[in-house]
Amino acid sequence: MATKKQAENTNVLSIDIGGTSIKTVLLDENGNMLSEYLKLKTPDGATPKDIISGIIELIKPFPDTFDRVSVGFPGYVKNGIVKTAPNLAKNKWEDVDLGQRIANALKKSVRLVNDADQQGLGVVEGKGFEIVFTVGTGFGTALLFDGSLLPHLELAHFPINKEEDYDDYIGNKAYEKIGTERWNKRLKKVIDIYKTVFNYDTLYIGGGNSKQIDFKLEDNIKVVSNRDGIKGGANLWKLSDGNNITTLTPDK
């Protein structure tokens with residue numbers, strides 16, 4: 001019995017919070033899926049309370065066979081505290097201790113990182129300098145070297161022209177406004193900029209709108225799915241605390 005319990009406790013509940021949906025799956029310590037992949041629509045203008053309520057509702061079908069939770073969040077996160085959330089409720093997220101609140105709500109240990117960072121841990125090969133794009137509600141990025149996360153940069157909020165940052169330029173609102181053809185031209189431009197600036201070894205493109213890509217990609221560019229990315233929740237727990245990764249335990 002003790003051996004079985006010990007094995008179960010290496011499982012990880014992996015959660016991906018997005019501007020469009022909240023997604024979750026139960027993983028073993030190596031990222032293998034132990035449950036169905038479930039998702040729930042993110043409420044418009046979601047507040048911290050909305051997100052926590054959504055997570056609690058979403059995981060009800062899961063057995064209590066995990067002690068660790070990984071959460072990917074669409075904004076800048078520092079040591080489990082949200083600093084920005086551009087695609088959720090305005091003026092409701094600055095300095096919110098979301099990681100601690102989730103730990104308290106689920107009574108489990110939690111690690112909270114940027115959503116692109118978590119996806120990156122799930123999809124990269126761990127060879128050289130790798131970059132992950134997420135093209136969904138907004139535009140997310142993660143930088144990794146030999147499989148290790150580099151400090152997170154909110155590259156989505158660099159200006160790309162006088163009126164727009166990358167989030168505005170390539171996010172879902174832009175896609176819906178300008179259509180598939182023009183959006184693909186913009187994505188090509190963004191890829192060319194990143195190729196020149198970063199000289200990456202491999203680029204991975206995920207997120208809901210990655211399926212809209214209609215041009216041939218170079219050999220070192222790969223399209224990945226959200227299902228691949230959410231497996232990064234297991235790999236997040238293989239990293240040591242530090243470099244903006246903090247383990248939060250429930251308040252007693």
# chains A, B, ... in the order shown; residues from 1 in each chain; ligands from 1
$ closest_atom_pairs --of "segment 78-156 of chain A" --to "segment 217-235 of chain A" --cutoff "7 Å" --atoms "only C-alpha atoms" --output "JSON lines"
{"residue": "A:Gln118", "atom": "CA", "partner": "A:Gly232", "partner_atom": "CA", "distance": 5.1}
{"residue": "A:Gln119", "atom": "CA", "partner": "A:Gly229", "partner_atom": "CA", "distance": 3.9}
{"residue": "A:Gly120", "atom": "CA", "partner": "A:Gly229", "partner_atom": "CA", "distance": 6.5}
{"residue": "A:Leu121", "atom": "CA", "partner": "A:Gly232", "partner_atom": "CA", "distance": 4.4}
{"residue": "A:Gly122", "atom": "CA", "partner": "A:Gly232", "partner_atom": "CA", "distance": 3.5}
{"residue": "A:Val123", "atom": "CA", "partner": "A:Gly229", "partner_atom": "CA", "distance": 5.7}
$ residues_around --residues "Tyr76 of chain A" --least-positions-apart "2" --cutoff "7 Å" --atoms "only C-alpha atoms" --output "PDB file with all heavy atoms, in the first residue's frame"
ATOM      1  N   LYS A  78       6.319  36.014 -11.373  1.00  0.00           N
ATOM      2  CA  LYS A  78       7.581  36.063 -10.640  1.00  0.00           C
ATOM      3  C   LYS A  78       7.401  35.367  -9.296  1.00  0.00           C
ATOM      4  O   LYS A  78       6.637  35.812  -8.449  1.00  0.00           O
ATOM      5  CB  LYS A  78       8.023  37.511 -10.426  1.00  0.00           C
ATOM      6  CG  LYS A  78       9.425  37.645  -9.852  1.00  0.00           C
ATOM      7  CD  LYS A  78       9.898  39.095  -9.887  1.00  0.00           C
ATOM      8  CE  LYS A  78      11.341  39.208  -9.433  1.00  0.00           C
ATOM      9  NZ  LYS A  78      11.830  40.609  -9.511  1.00  0.00           N
ATOM     10  N   VAL A  82       1.597  36.831  -9.913  1.00  0.00           N
ATOM     11  CA  VAL A  82       1.278  37.376 -11.233  1.00  0.00           C
ATOM     12  C   VAL A  82       1.592  38.867 -11.253  1.00  0.00           C
ATOM     13  O   VAL A  82       1.177  39.621 -10.377  1.00  0.00           O
ATOM     14  CB  VAL A  82      -0.208  37.146 -11.569  1.00  0.00           C
ATOM     15  CG1 VAL A  82      -0.590  37.860 -12.866  1.00  0.00           C
ATOM     16  CG2 VAL A  82      -0.503  35.648 -11.666  1.00  0.00           C
ATOM     17  N   LYS A  83       2.318  39.280 -12.289  1.00  0.00           N
ATOM     18  CA  LYS A  83       2.632  40.697 -12.485  1.00  0.00           C
ATOM     19  C   LYS A  83       1.782  41.303 -13.598  1.00  0.00           C
ATOM     20  O   LYS A  83       1.400  42.471 -13.518  1.00  0.00           O
ATOM     21  CB  LYS A  83       4.126  40.861 -12.803  1.00  0.00           C
ATOM     22  CG  LYS A  83       5.047  40.407 -11.683  1.00  0.00           C
ATOM     23  CD  LYS A  83       4.858  41.261 -10.434  1.00  0.00           C
ATOM     24  CE  LYS A  83       5.807  40.853  -9.329  1.00  0.00           C
ATOM     25  NZ  LYS A  83       5.658  41.692  -8.112  1.00  0.00           N
ATOM     26  N   THR A  84       1.529  40.537 -14.648  1.00  0.00           N
ATOM     27  CA  THR A  84       0.702  41.016 -15.752  1.00  0.00           C
ATOM     28  C   THR A  84      -0.216  39.902 -16.230  1.00  0.00           C
ATOM     29  O   THR A  84       0.124  38.715 -16.147  1.00  0.00           O
ATOM     30  CB  THR A  84       1.559  41.482 -16.948  1.00  0.00           C
ATOM     31  OG1 THR A  84       2.282  40.355 -17.487  1.00  0.00           O
ATOM     32  CG2 THR A  84       2.543  42.576 -16.546  1.00  0.00           C
ATOM     33  N   ASN A 114       5.024  31.146 -16.458  1.00  0.00           N
ATOM     34  CA  ASN A 114       4.387  31.609 -17.685  1.00  0.00           C
ATOM     35  C   ASN A 114       3.947  30.411 -18.532  1.00  0.00           C
ATOM     36  O   ASN A 114       4.623  29.383 -18.569  1.00  0.00           O
ATOM     37  CB  ASN A 114       5.380  32.483 -18.459  1.00  0.00           C
ATOM     38  CG  ASN A 114       4.867  32.877 -19.821  1.00  0.00           C
ATOM     39  OD1 ASN A 114       5.138  32.193 -20.805  1.00  0.00           O
ATOM     40  ND2 ASN A 114       4.114  33.956 -19.882  1.00  0.00           N
ATOM     41  N   GLU A 154       9.006  39.162 -21.510  1.00  0.00           N
ATOM     42  CA  GLU A 154       7.700  39.403 -22.131  1.00  0.00           C
ATOM     43  C   GLU A 154       7.901  40.044 -23.502  1.00  0.00           C
ATOM     44  O   GLU A 154       7.565  41.210 -23.735  1.00  0.00           O
ATOM     45  CB  GLU A 154       6.832  40.287 -21.226  1.00  0.00           C
ATOM     46  CG  GLU A 154       6.185  39.543 -20.074  1.00  0.00           C
ATOM     47  CD  GLU A 154       5.078  38.583 -20.531  1.00  0.00           C
ATOM     48  OE1 GLU A 154       5.410  37.452 -20.968  1.00  0.00           O
ATOM     49  OE2 GLU A 154       3.900  38.941 -20.462  1.00  0.00           O
TER      50      GLU A 154
END
$ closest_residue --among "A:Val25, A:Asn30, A:Thr42, A:Thr65" --to "Asn9 of chain A" --atoms "only C-alpha atoms"
A:Thr65
$ closest_residue --among "A:Ser148, A:Asn209, A:Ile160, A:Leu236" --to "Gly136 of chain A" --atoms "only C-alpha atoms"
A:Asn209
$ residues_around --residues "segment 164-167 of chain A" --least-positions-apart "6" --cutoff "7 Å" --atoms "only C-alpha atoms" --output "list in words"
Gly138, Phe139, Ala156, His157 and Phe158 of chain A
$ atom_distance --atom1 "atom CA of Leu112 of chain A" --atom2 "atom CA of Ile245 of chain A"
7.5 Å
$ residues_around --residues "segment 92-100 of chain A" --least-positions-apart "5" --cutoff "9 Å" --atoms "only C-alpha atoms" --output "list of chain:residue names"
A:Ala46, A:Thr47, A:Pro48, A:Ile52, A:Val71, A:Asn79, A:Gly80, A:Ile81, A:Val82, A:Lys83, A:Thr84, A:Ala85, A:Ala105, A:Ser109, A:Val110, A:Arg111, A:Leu112, A:Val113, A:Thr247, A:Leu248, A:Thr249, A:Pro250, A:Asp251
$ select_by_dssp --residues "segment 40-245 of chain A" --states "strand (DSSP E)" --output "MDAnalysis selection string"
chainID A and resid 40:41 68:73 77:78 81:82 109:114 129:135 139:145 148:149 202:206 221:223
$ atom_distance --atom1 "atom CA of Leu143 of chain A" --atom2 "atom CA of Gly208 of chain A"
19.7 Å
$ select_by_dssp --residues "segment 5-145 of chain A" --states "alpha helix (DSSP H)" --output "ChimeraX atom specification"
/A:5-8,48-58,98-106,115-123
$ write_last_selection --atoms "C-alpha atoms" --output "PDB file, in the first residue's frame"
ATOM      1  CA  LYS A   5       0.787   5.602  -2.524  1.00  0.00           C
ATOM      2  CA  GLN A   6       4.384   6.701  -3.092  1.00  0.00           C
ATOM      3  CA  ALA A   7       4.043   6.004  -6.827  1.00  0.00           C
ATOM      4  CA  GLU A   8       0.809   7.940  -7.032  1.00  0.00           C
ATOM      5  CA  PRO A  48      -8.444  35.484  -9.963  1.00  0.00           C
ATOM      6  CA  LYS A  49     -11.590  34.124  -8.298  1.00  0.00           C
ATOM      7  CA  ASP A  50     -12.971  33.051 -11.693  1.00  0.00           C
ATOM      8  CA  ILE A  51      -9.778  31.198 -12.562  1.00  0.00           C
ATOM      9  CA  ILE A  52      -9.591  29.326  -9.258  1.00  0.00           C
ATOM     10  CA  SER A  53     -13.301  28.405  -9.441  1.00  0.00           C
ATOM     11  CA  GLY A  54     -12.764  27.157 -12.987  1.00  0.00           C
ATOM     12  CA  ILE A  55      -9.813  24.990 -11.956  1.00  0.00           C
ATOM     13  CA  ILE A  56     -11.760  23.455  -9.060  1.00  0.00           C
ATOM     14  CA  GLU A  57     -14.693  22.653 -11.370  1.00  0.00           C
ATOM     15  CA  LEU A  58     -12.470  21.272 -14.109  1.00  0.00           C
ATOM     16  CA  LEU A  98      -2.103  33.137  -7.628  1.00  0.00           C
ATOM     17  CA  GLY A  99       0.278  30.246  -6.990  1.00  0.00           C
ATOM     18  CA  GLN A 100      -0.340  30.416  -3.246  1.00  0.00           C
ATOM     19  CA  ARG A 101      -4.102  30.762  -3.744  1.00  0.00           C
ATOM     20  CA  ILE A 102      -4.199  27.656  -5.935  1.00  0.00           C
ATOM     21  CA  ALA A 103      -2.071  25.744  -3.418  1.00  0.00           C
ATOM     22  CA  ASN A 104      -4.508  26.696  -0.665  1.00  0.00           C
ATOM     23  CA  ALA A 105      -7.590  25.862  -2.755  1.00  0.00           C
ATOM     24  CA  LEU A 106      -6.331  22.445  -3.881  1.00  0.00           C
ATOM     25  CA  ASP A 115       2.285  29.417 -19.984  1.00  0.00           C
ATOM     26  CA  ALA A 116       4.777  29.522 -22.865  1.00  0.00           C
ATOM     27  CA  ASP A 117       7.559  28.516 -20.461  1.00  0.00           C
ATOM     28  CA  GLN A 118       5.562  25.506 -19.320  1.00  0.00           C
ATOM     29  CA  GLN A 119       4.727  24.550 -22.904  1.00  0.00           C
ATOM     30  CA  GLY A 120       8.379  24.914 -23.828  1.00  0.00           C
ATOM     31  CA  LEU A 121       9.378  22.377 -21.188  1.00  0.00           C
ATOM     32  CA  GLY A 122       6.977  19.938 -22.827  1.00  0.00           C
ATOM     33  CA  VAL A 123       8.017  20.283 -26.453  1.00  0.00           C
TER      34      VAL A 123
END
$ closest_residue --among "A:Phe129, A:Phe73, A:Tyr169, A:Tyr37" --to "Lys189 of chain A" --atoms "only C-alpha atoms"
A:Tyr169
